Every structure is written in C-alpha cells, then in structure tokens.
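Colleague: The file below is model39.txt, compact mmCIF, C-alpha atoms:
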# COMPACT_ATOMS: atom_id res chain seq x y z
CA MET J 1 -1.41 5.55 27.84
CA GLY J 2 1.32 3.00 27.19
CA LYS J 3 2.57 4.66 23.98
CA GLN J 4 6.10 5.45 22.97
CA LEU J 5 7.27 8.01 20.38
CA LEU J 6 9.50 6.87 17.53
CA GLY J 7 9.77 10.14 15.59
CA PRO J 8 8.59 10.34 11.95
CA GLN J 9 8.70 6.80 10.53
CA THR J 10 7.50 5.15 7.30
CA LEU J 11 5.74 2.54 9.39
CA VAL J 12 2.83 1.03 7.47
CA TYR J 13 1.76 -2.63 7.62
CA PRO J 14 1.41 -4.45 5.32
CA MET J 15 3.19 -3.27 2.17
CA PRO J 16 3.16 -4.88 -1.29
CA ALA J 17 6.35 -5.83 -3.14
CA LEU J 18 5.62 -4.65 -6.69
CA LEU J 19 7.99 -5.28 -9.56
CA VAL J 20 7.78 -1.93 -11.32
CA GLY J 21 8.95 -2.03 -14.91
CA ALA J 22 9.99 0.44 -17.58
CA ASN J 23 11.97 0.40 -20.76
CA VAL J 24 15.25 2.25 -20.28
CA GLY J 25 16.79 3.00 -23.66
CA SER J 26 14.32 0.41 -25.07
CA LYS J 27 15.65 -2.30 -22.71
CA PRO J 28 13.20 -3.61 -20.10
CA ASN J 29 14.17 -3.09 -16.47
CA PHE J 30 12.38 -3.84 -13.19
CA MET J 31 12.77 -2.62 -9.65
CA THR J 32 10.98 -3.68 -6.47
CA ILE J 33 8.77 -1.11 -4.77
CA ALA J 34 6.98 -1.49 -1.45
CA TRP J 35 6.02 2.19 -1.25
CA ALA J 36 2.97 2.05 -3.50
CA GLY J 37 -0.80 2.22 -3.29
CA ILE J 38 -3.97 2.73 -5.26
CA ALA J 39 -4.45 6.48 -5.79
CA CYS J 40 -7.88 6.72 -7.45
CA GLY J 41 -10.84 4.51 -8.34
CA ASP J 42 -12.32 6.19 -11.39
CA PRO J 43 -10.18 6.34 -13.38
CA PRO J 44 -8.12 3.61 -11.66
CA MET J 45 -4.70 4.96 -10.67
CA LEU J 46 -1.64 3.68 -8.84
CA SER J 47 1.12 5.63 -7.09
CA VAL J 48 4.69 4.42 -6.65
CA ALA J 49 7.48 6.24 -4.78
CA ILE J 50 10.90 6.06 -6.47
CA ARG J 51 14.25 7.55 -5.45
CA HIS J 52 15.40 10.10 -8.02
CA VAL J 53 18.60 8.24 -8.94
CA ARG J 54 16.90 4.95 -9.80
CA HIS J 55 17.49 3.57 -13.27
CA THR J 56 13.81 2.62 -13.69
CA LEU J 57 12.74 6.24 -13.12
CA LYS J 58 14.79 7.26 -16.18
CA GLY J 59 12.76 4.85 -18.29
CA ILE J 60 9.49 6.07 -16.81
CA ARG J 61 10.37 9.66 -17.70
CA GLU J 62 11.50 8.55 -21.17
CA ASN J 63 8.25 6.78 -22.09
CA MET J 64 5.80 8.18 -19.53
CA THR J 65 4.61 4.61 -19.02
CA PHE J 66 5.39 1.87 -16.50
CA SER J 67 4.12 -1.48 -15.31
CA ALA J 68 3.42 -2.93 -11.88
CA ASN J 69 3.82 -6.67 -11.69
CA ILE J 70 2.55 -8.46 -8.60
CA PRO J 71 4.81 -11.35 -7.65
CA SER J 72 3.55 -14.50 -5.99
CA ALA J 73 5.18 -15.89 -2.85
CA SER J 74 7.19 -18.25 -5.05
CA GLN J 75 8.95 -15.23 -6.61
CA ALA J 76 10.35 -13.77 -3.38
CA LYS J 77 13.97 -14.32 -4.39
CA GLU J 78 13.53 -12.53 -7.73
CA ALA J 79 11.60 -9.69 -6.08
CA ASP J 80 14.36 -9.25 -3.52
CA TYR J 81 17.08 -9.34 -6.17
CA CYS J 82 15.34 -6.64 -8.24
CA GLY J 83 15.29 -4.40 -5.16
CA ILE J 84 19.00 -4.87 -4.39
CA VAL J 85 20.62 -4.58 -7.82
CA SER J 86 20.57 -1.60 -10.22
CA GLY J 87 19.57 -2.04 -13.84
CA SER J 88 22.47 0.21 -14.75
CA LYS J 89 24.83 -2.59 -13.66
CA ALA J 90 22.99 -5.83 -14.40
CA ASP J 91 20.47 -7.28 -16.82
CA LYS J 92 17.82 -8.21 -14.27
CA VAL J 93 15.51 -9.73 -16.88
CA GLU J 94 18.20 -12.22 -17.82
CA ALA J 95 19.25 -12.90 -14.21
CA CYS J 96 15.64 -13.60 -13.18
CA HIS J 97 14.70 -15.45 -16.39
CA PHE J 98 11.70 -13.16 -16.76
CA ASN J 99 9.65 -13.67 -19.92
CA VAL J 100 8.84 -10.09 -20.89
CA PHE J 101 5.82 -9.20 -22.98
CA TYR J 102 4.05 -5.97 -23.95
CA GLY J 103 0.38 -5.05 -23.93
CA LYS J 104 -1.85 -2.15 -24.85
CA LEU J 105 0.71 0.60 -24.22
CA GLY J 106 3.41 -1.08 -26.27
CA ASN J 107 6.36 0.07 -24.14
CA ALA J 108 5.55 -0.90 -20.55
CA PRO J 109 7.32 -4.24 -20.03
CA LEU J 110 5.29 -6.98 -18.29
CA ILE J 111 6.52 -10.14 -16.56
CA GLU J 112 4.73 -13.27 -17.73
CA GLN J 113 5.59 -15.22 -14.56
CA CYS J 114 3.89 -12.66 -12.28
CA PRO J 115 0.22 -13.53 -11.76
CA VAL J 116 -1.03 -9.92 -12.14
CA ASN J 117 0.33 -7.15 -14.39
CA LEU J 118 -0.88 -3.56 -14.51
CA GLU J 119 -0.03 -1.27 -17.45
CA CYS J 120 0.11 2.39 -16.43
CA SER J 121 0.46 5.73 -18.20
CA VAL J 122 1.97 8.54 -16.14
CA VAL J 123 -0.36 11.39 -15.15
CA HIS J 124 1.77 13.09 -12.45
CA ILE J 125 5.33 13.00 -11.17
CA LEU J 126 5.64 14.84 -7.85
CA ASP J 127 9.04 15.61 -6.38
CA LEU J 128 8.45 15.11 -2.65
CA GLY J 129 12.04 15.07 -1.36
CA SER J 130 14.17 11.94 -1.54
CA HIS J 131 11.52 10.31 -3.76
CA SER J 132 9.41 11.12 -6.78
CA LEU J 133 5.82 10.02 -6.43
CA VAL J 134 4.81 8.68 -9.83
CA ILE J 135 1.06 8.49 -10.33
CA GLY J 136 -0.07 6.33 -13.21
CA ARG J 137 -3.43 5.64 -14.73
CA ILE J 138 -4.02 1.90 -14.89
CA GLU J 139 -4.81 1.28 -18.54
CA GLU J 140 -5.01 -2.50 -18.61
CA THR J 141 -4.82 -5.47 -16.23
CA HIS J 142 -3.40 -8.84 -17.26
CA ILE J 143 -3.89 -11.94 -15.14
CA SER J 144 -2.53 -15.44 -15.52
CA GLU J 145 -5.33 -17.79 -16.54
CA GLU J 146 -4.44 -20.29 -13.81
CA CYS J 147 -5.13 -17.56 -11.20
CA LEU J 148 -8.77 -17.15 -12.21
CA THR J 149 -11.82 -18.89 -10.72
CA ASP J 150 -15.05 -18.40 -12.68
CA GLY J 151 -13.28 -15.65 -14.64
CA LYS J 152 -12.38 -13.65 -11.53
CA PRO J 153 -9.05 -13.13 -9.73
CA ASP J 154 -8.56 -15.77 -7.02
CA VAL J 155 -6.25 -14.56 -4.28
CA VAL J 156 -5.48 -18.09 -3.09
CA LYS J 157 -4.19 -18.98 -6.56
CA ILE J 158 -2.37 -15.63 -6.92
CA ASN J 159 -0.72 -16.26 -3.50
CA PRO J 160 0.72 -12.72 -3.29
CA LEU J 161 3.96 -11.74 -1.62
CA THR J 162 3.80 -9.29 1.29
CA TYR J 163 6.68 -7.09 2.41
CA VAL J 164 7.00 -6.43 6.12
CA THR J 165 9.03 -3.27 6.67
CA SER J 166 12.14 -3.03 8.83
CA PRO J 167 13.26 -3.86 11.43
CA ALA J 168 11.68 -7.23 10.48
CA ALA J 169 12.44 -6.55 6.77
CA ARG J 170 11.05 -9.79 5.45
CA TYR J 171 8.57 -11.32 3.04
CA GLN J 172 5.53 -13.20 4.24
CA GLY J 173 2.55 -14.88 2.66
CA LEU J 174 -1.06 -14.13 3.47
CA GLY J 175 -2.25 -15.67 6.72
CA GLU J 176 -5.41 -16.71 8.47
CA VAL J 177 -8.72 -15.40 7.11
CA ILE J 178 -10.14 -13.11 9.80
CA GLY J 179 -13.43 -12.03 8.29
CA GLN J 180 -15.40 -10.80 5.31
CA ALA J 181 -15.06 -7.10 4.46
CA PHE J 182 -18.24 -4.98 4.32
CA ARG J 183 -19.89 -7.64 6.46
CA ILE J 184 -18.22 -8.26 9.84
CA GLY J 185 -18.62 -4.59 10.81
CA ARG J 186 -22.35 -4.59 10.08
CA GLU J 187 -23.36 -6.02 13.43
CA MET J 188 -21.97 -2.85 15.01
CA ALA J 189 -23.97 -0.57 12.69
CA MET G 1 1.05 -16.77 -22.93
CA GLY G 2 -1.83 -17.85 -20.71
CA LYS G 3 -2.89 -14.31 -19.76
CA GLN G 4 -6.35 -12.82 -19.74
CA LEU G 5 -7.31 -9.13 -19.89
CA LEU G 6 -9.54 -7.68 -17.18
CA GLY G 7 -9.57 -4.02 -18.27
CA PRO G 8 -8.30 -1.29 -15.92
CA GLN G 9 -8.55 -2.64 -12.34
CA THR G 10 -7.38 -1.44 -8.93
CA LEU G 11 -5.81 -4.87 -8.39
CA VAL G 12 -2.95 -4.63 -5.90
CA TYR G 13 -2.09 -7.28 -3.29
CA PRO G 14 -1.78 -6.85 -0.38
CA MET G 15 -3.42 -3.64 0.85
CA PRO G 16 -3.39 -2.19 4.37
CA ALA G 17 -6.59 -1.28 6.25
CA LEU G 18 -5.71 2.07 7.81
CA LEU G 19 -8.04 3.89 10.17
CA VAL G 20 -7.60 7.44 8.90
CA GLY G 21 -8.69 10.08 11.39
CA ALA G 22 -9.51 13.76 11.35
CA ASN G 23 -11.43 16.18 13.50
CA VAL G 24 -14.60 17.27 11.73
CA GLY G 25 -16.00 20.35 13.44
CA SER G 26 -13.65 19.50 16.35
CA LYS G 27 -15.19 16.00 16.71
CA PRO G 28 -12.88 13.07 15.96
CA ASN G 29 -13.91 10.79 13.11
CA PHE G 30 -12.25 7.78 11.48
CA MET G 31 -12.66 6.01 8.14
CA THR G 32 -11.00 2.87 6.82
CA ILE G 33 -8.71 3.23 3.83
CA ALA G 34 -7.01 0.44 1.90
CA TRP G 35 -5.86 2.74 -0.89
CA ALA G 36 -2.77 4.12 0.79
CA GLY G 37 1.01 3.88 0.61
CA ILE G 38 4.25 5.48 1.67
CA ALA G 39 4.95 8.38 -0.72
CA CYS G 40 8.42 9.57 0.32
CA GLY G 41 11.28 8.56 2.62
CA ASP G 42 12.92 11.86 3.48
CA PRO G 43 10.83 13.54 4.67
CA PRO G 44 8.59 10.56 5.46
CA MET G 45 5.22 10.92 3.71
CA LEU G 46 2.06 8.88 3.32
CA SER G 47 -0.63 9.07 0.64
CA VAL G 48 -4.27 8.14 1.15
CA ALA G 49 -7.01 8.15 -1.52
CA ILE G 50 -10.38 9.45 -0.32
CA ARG G 51 -13.66 9.91 -2.19
CA HIS G 52 -14.62 13.58 -2.35
CA VAL G 53 -17.89 13.17 -0.44
CA ARG G 54 -16.35 11.50 2.61
CA HIS G 55 -16.93 13.14 5.97
CA THR G 56 -13.30 12.60 7.04
CA LEU G 57 -12.05 14.57 4.01
CA LYS G 58 -13.95 17.61 5.29
CA GLY G 59 -12.01 17.42 8.53
CA ILE G 60 -8.71 16.98 6.71
CA ARG G 61 -9.37 20.13 4.66
CA GLU G 62 -10.49 21.97 7.80
CA ASN G 63 -7.31 21.27 9.81
CA MET G 64 -4.84 20.20 7.11
CA THR G 65 -3.87 17.33 9.41
CA PHE G 66 -4.88 13.67 9.68
CA SER G 67 -3.83 10.47 11.36
CA ALA G 68 -3.29 6.93 10.12
CA ASN G 69 -3.90 4.28 12.73
CA ILE G 70 -2.81 0.72 11.99
CA PRO G 71 -5.24 -1.81 13.40
CA SER G 72 -4.21 -5.22 14.62
CA ALA G 73 -5.99 -8.38 13.48
CA SER G 74 -8.08 -8.24 16.66
CA GLN G 75 -9.63 -4.94 15.46
CA ALA G 76 -11.03 -6.25 12.17
CA LYS G 77 -14.63 -5.69 13.17
CA GLU G 78 -14.01 -2.04 14.12
CA ALA G 79 -11.98 -1.44 10.95
CA ASP G 80 -14.77 -2.87 8.83
CA TYR G 81 -17.43 -0.82 10.62
CA CYS G 82 -15.48 2.41 10.08
CA GLY G 83 -15.39 1.66 6.35
CA ILE G 84 -19.13 0.99 6.09
CA VAL G 85 -20.65 3.80 8.16
CA SER G 86 -20.37 7.58 7.61
CA GLY G 87 -19.30 9.86 10.42
CA SER G 88 -22.06 12.23 9.31
CA LYS G 89 -24.60 9.66 10.57
CA ALA G 90 -22.92 7.93 13.49
CA ASP G 91 -20.43 8.56 16.25
CA LYS G 92 -17.89 5.92 15.27
CA VAL G 93 -15.61 6.69 18.22
CA GLU G 94 -18.41 5.84 20.62
CA ALA G 95 -19.59 2.79 18.66
CA CYS G 96 -16.06 1.36 18.55
CA HIS G 97 -15.13 2.41 22.11
CA PHE G 98 -11.99 4.06 20.75
CA ASN G 99 -9.90 5.92 23.31
CA VAL G 100 -8.88 9.02 21.36
CA PHE G 101 -5.76 10.98 22.20
CA TYR G 102 -3.80 13.77 20.53
CA GLY G 103 -0.09 14.17 19.94
CA LYS G 104 2.32 16.68 18.48
CA LEU G 105 -0.08 18.23 15.96
CA GLY G 106 -2.82 18.75 18.54
CA ASN G 107 -5.75 18.13 16.18
CA ALA G 108 -5.09 14.79 14.46
CA PRO G 109 -7.05 12.24 16.53
CA LEU G 110 -5.23 9.00 17.40
CA ILE G 111 -6.66 5.66 18.52
CA GLU G 112 -5.03 4.30 21.66
CA GLN G 113 -6.07 0.71 20.93
CA CYS G 114 -4.30 0.67 17.53
CA PRO G 115 -0.68 -0.50 17.91
CA VAL G 116 0.77 2.14 15.55
CA ASN G 117 -0.38 5.74 15.00
CA LEU G 118 1.03 8.19 12.47
CA GLU G 119 0.39 11.93 12.76
CA CYS G 120 0.43 13.69 9.38
CA SER G 121 0.30 17.27 8.13
CA VAL G 122 -1.10 17.72 4.63
CA VAL G 123 1.36 18.79 1.92
CA HIS G 124 -0.74 18.08 -1.20
CA ILE G 125 -4.32 17.28 -2.09
CA LEU G 126 -4.61 16.12 -5.71
CA ASP G 127 -8.01 15.75 -7.35
CA LEU G 128 -7.54 12.64 -9.50
CA GLY G 129 -11.15 11.87 -10.44
CA SER G 130 -13.43 9.99 -8.06
CA HIS G 131 -10.83 10.38 -5.30
CA SER G 132 -8.61 13.04 -3.79
CA LEU G 133 -5.09 11.82 -3.14
CA VAL G 134 -4.08 13.34 0.18
CA ILE G 135 -0.33 13.39 0.74
CA GLY G 136 0.75 13.97 4.31
CA ARG G 137 4.10 14.44 5.93
CA ILE G 138 4.49 11.98 8.80
CA GLU G 139 5.33 14.21 11.77
CA GLU G 140 5.32 11.68 14.58
CA THR G 141 4.90 7.94 15.15
CA HIS G 142 3.31 6.48 18.28
CA ILE G 143 3.58 2.82 19.13
CA SER G 144 2.04 0.80 21.93
CA GLU G 145 4.73 -0.20 24.41
CA GLU G 146 3.62 -3.84 24.38
CA CYS G 147 4.41 -3.96 20.61
CA LEU G 148 8.10 -3.14 21.09
CA THR G 149 10.99 -5.58 21.45
CA ASP G 150 14.29 -3.99 22.49
CA GLY G 151 12.74 -0.61 21.75
CA LYS G 152 11.87 -1.48 18.16
CA PRO G 153 8.53 -2.25 16.48
CA ASP G 154 7.83 -5.99 16.56
CA VAL G 155 5.52 -7.07 13.75
CA VAL G 156 4.53 -10.28 15.53
CA LYS G 157 3.27 -8.27 18.49
CA ILE G 158 1.66 -5.63 16.23
CA ASN G 159 -0.11 -8.47 14.33
CA PRO G 160 -1.35 -6.15 11.56
CA LEU G 161 -4.56 -6.53 9.61
CA THR G 162 -4.35 -7.00 5.84
CA TYR G 163 -7.13 -6.19 3.40
CA VAL G 164 -7.50 -8.45 0.39
CA THR G 165 -9.35 -6.60 -2.35
CA SER G 166 -12.51 -7.85 -4.06
CA PRO G 167 -13.74 -10.25 -5.25
CA ALA G 168 -12.33 -11.93 -2.10
CA ALA G 169 -12.96 -8.70 -0.09
CA ARG G 170 -11.71 -10.00 3.23
CA TYR G 171 -9.27 -9.41 6.04
CA GLN G 172 -6.36 -11.72 6.67
CA GLY G 173 -3.44 -11.88 9.05
CA LEU G 174 0.18 -12.16 8.05
CA GLY G 175 1.22 -15.66 7.01
CA GLU G 176 4.25 -17.82 6.66
CA VAL G 177 7.66 -16.12 6.70
CA ILE G 178 9.14 -16.62 3.24
CA GLY G 179 12.53 -14.97 3.55
CA GLN G 180 14.64 -12.08 4.70
CA ALA G 181 14.53 -8.92 2.56
CA PHE G 182 17.83 -7.54 1.18
CA ARG G 183 19.28 -11.02 1.72
CA ILE G 184 17.49 -13.82 -0.16
CA GLY G 185 18.08 -12.09 -3.51
CA ARG G 186 21.82 -11.75 -2.90
CA GLU G 187 22.65 -15.23 -4.09
CA MET G 188 21.41 -14.17 -7.54
CA ALA G 189 23.59 -11.03 -7.58
In structure tokens, how does this file's structure come out?
Modeller:
Amino acid sequence: MGKQLLGPQTLVYPMPALLVGANVGSKPNFMTIAWAGIACGDPPMLSVAIRHVRHTLKGIRENMTFSANIPSASQAKEADYCGIVSGSKADKVEACHFNVFYGKLGNAPLIEQCPVNLECSVVHILDLGSHSLVIGRIEETHISEECLTDGKPDVVKINPLTYVTSPAARYQGLGEVIGQAFRIGREMA
Amino acid sequence: MGKQLLGPQTLVYPMPALLVGANVGSKPNFMTIAWAGIACGDPPMLSVAIRHVRHTLKGIRENMTFSANIPSASQAKEADYCGIVSGSKADKVEACHFNVFYGKLGNAPLIEQCPVNLECSVVHILDLGSHSLVIGRIEETHISEECLTDGKPDVVKINPLTYVTSPAARYQGLGEVIGQAFRIGREMA
C-alpha cells in the first residue's frame, strides 16, 4: 500500500502558534503553544497542552485564567522567542515590547500587537503525562480594528502565523485558496 | 487601543481539517474535524471535539478507537464532503473512493490516499457542552512513502490542507516560509 510506519508521533498539520499568557505572581508572561485546538462550540472552549514545569502553567493554576493571543506572520520572531525562553529567566514582555492590556477577566494578560486575543477561564486541567491539558472557556474575544472588514474578522488582514511541526520546524503564512468550505464538497453529495 | 470586542468566539488560526474515522457497526465512517490539537507529548495524544449526535462518535464509543487522517490540498473536496454529509445517510467511503485499511489497532479505519494516518485509542471522553472532547493516545503513525525524504516526513510532499474558520470558511494551502522555529527568536534571547 506504499505506507511506512513511524511509531506514535505528534504529527498534525497545520498547527497554530498561540502566545498563551498568564500572570505569574501578578507579572504577565507568555509562552508559545502549537499544541492547541478548539474543544467545544457551546460554550466556546479552547484546549492547550503545557509541560508541567512551564512557568506559564504556574500562573494559570494561580489565577485559573489564561489568554491565547494569535500572532500575525509579522510576529514570527517574537512568537519563536517566547517558545525558546522561560519567563522564570527573562522578562519576555519587555524583550518583545508587548503592550499588555487586560479585559473582562481582569487577570489574563493580552497582547495589543496580536490581531486576535481570547480571554479564557479554566474549566479542566488534565494530567495526561508529560503535559497538562488545560481546557478554558473562551469568555471574550478581542480583535484589532484594522483586521475587521464590515465588522467581521478578515483573515487576509489578520495574516496568521502557522507552525509546521518538525522535522521542518518552521513558520509559514497561509497559502493559495483552494476552495470554499461547506460548498466544494456539495457536488459529491 | 484599537480593539473591538466580539464576545466569546472559537476564533483560532489556523485549524487543521482532519478526517476522523471510526467503525460504526463494523462499517468505516469518516467525518471532518477542524477542532483538534495535540494534547500530550509523552505519551503522544490527540484531542478532537465532536458534537454528541455525530455518527462517528457512536463508532468511537463502540470501539474506543479512532483514526485521524491528514488530507493533502488535493483532497479538499473529499474533506469538505465528509464534513457536510452524515454517515447515517450516505456511504462516504464509497462516495469518496477511499481505500480503507487497518493497522495496529485492527478497528480504526485508515485512508490510504491521505498522506498521514494516526491510529488512536481513547483515554478520555469529556462532555463539555455541545461537544464531547475525545482524547486519544496516538498508537501508530502511517505515512505514504512518497511523502518521505530521507525517511522523514516532508511537509512539501505532504502538502497539507488548512481550514480557515468562518466568516472566510475556506481551505488554503501552506504559504510563504517565514522562518525556522527554535532559531529566528534566538537573536532576541
């Protein structure tokens, strides 16, 4: 059948590169997470997988809130930096010149420069092994005004960053439009 | 600050378009899921969010196994079809001309034409509201031989499909390479 086995691998394409934020000892910190996905529609929920030792996870447990900030392609360097460096050793907000603001929850730090910001309150933390799966209810969505068209999110203006997992291990933009969802499959129905 | 509030939204970019498979009454069925993400590294796990009524969820509960098949950009039409139509009303395998095979688990159906196939055994099913979050341990990874370079997955050959959530609601390919992960942020460290 022309298939080869690779053993158990975390091989999903594409992945996001979310800047997940929490206040740790009341100081905002952000880490980059590609292992994330929407977990529920009603109420809207997001899951993020975080290694137990991570500094951001301490803040999430402290406040039971977190944020997910979606970087644009122009923020690849900052997103990469926040995935490499620990908040226990560096002030990432200062290094990245992030303008931090707070929303509805009051203690989930948001990055003004990211086009989309989700505020989440924790509903579950599952210990799955090397990682805790943190499931948060999305309580509010902030979007940069310049990324709206007719009051709705415009993906071309948002220009999101995509993470391509290893061995490529790189960031890419969105490519060629292939077709309209909920439409191109209809001719087969 | 130039931000606008949108209320709680499932607004993450990018999302995958996974063809999630299960045997329902021993007949293979597939549905398309964009709400998915890696949930743990060791052991490797994947989470997928599925509405309670979905036919595929019945099969997952029946066998406590499922598959996640990663379509390439050339399979956009099939991926869209499998998201629109219910397996209770149509034989999607026949309609899409999928060649189904089985691997290590024996009852998680895999699609030969998809470049990457993950076999998963269920470890948790969380009822979160409108959706069940199914968390599976990735037991084996299959990859099409023509998508390997030096024995490793080659994302250019895989050419994965990306789902861009509504209001755009469309499929796109991967775009411009922006930079190398774990490298471009180092100059800020």
Colleague: Which one is closest to G:Val164: J:Pro14, J:Gly21, J:Gly106, J:Gly41? Count only C-alpha atoms.
Modeller: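 Among the listed residues, J:Pro14 lies closest to G:Val164.
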Colleague: I'd like the interatomic distance between atom CA of J:Gly136 and atom CA of G:Ile33, to a tenth of an Å.
Modeller: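 These atoms are spaced 19.4 Å apart.
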Colleague: Using only C-alpha atoms, pick whichever of J:Ala49, J:Cys82, J:Cys96, J:Ile184 has the shortest atom-to-atom distance to J:Ser130.
Modeller: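 Ranked by minimum distance to J:Ser130, first place goes to J:Ala49.
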Colleague: Which is closest to J:Cys120 among J:Asn159, J:Asn107, J:Thr32, J:Ser26, if we use only C-alpha atoms?
Modeller: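 For J:Cys120, the nearest of the given residues is J:Asn107.
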Colleague: Quick one: everything within 7 Å of J:Pro115, counting all atoms listed in the file, minus sequence neighbours fewer than 4 positions away in the same chain. Send it as a list in words.
Modeller: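 The neighbour list is Ile70, Pro71, Ser72, Ile143, Ser144, Cys147 and Ile158 of chain J.
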Colleague: Using Å and a single decimal, report how far atom CA of G:Gln113 sits from atom CA of G:Gln75.
Modeller: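 So the two atoms, atom CA of G:Gln75 and atom CA of G:Gln113, lie 8.6 Å apart.
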Colleague: Taking 4 positions as the minimum chain separation for residues in the same chain, which residues sit within 12 Å of J:Gly151 when counting all atoms listed in the file? Answer as an MDAnalysis selection string.
Modeller: (chainID J and resid 143:147) or (chainID G and resid 3:6 167)
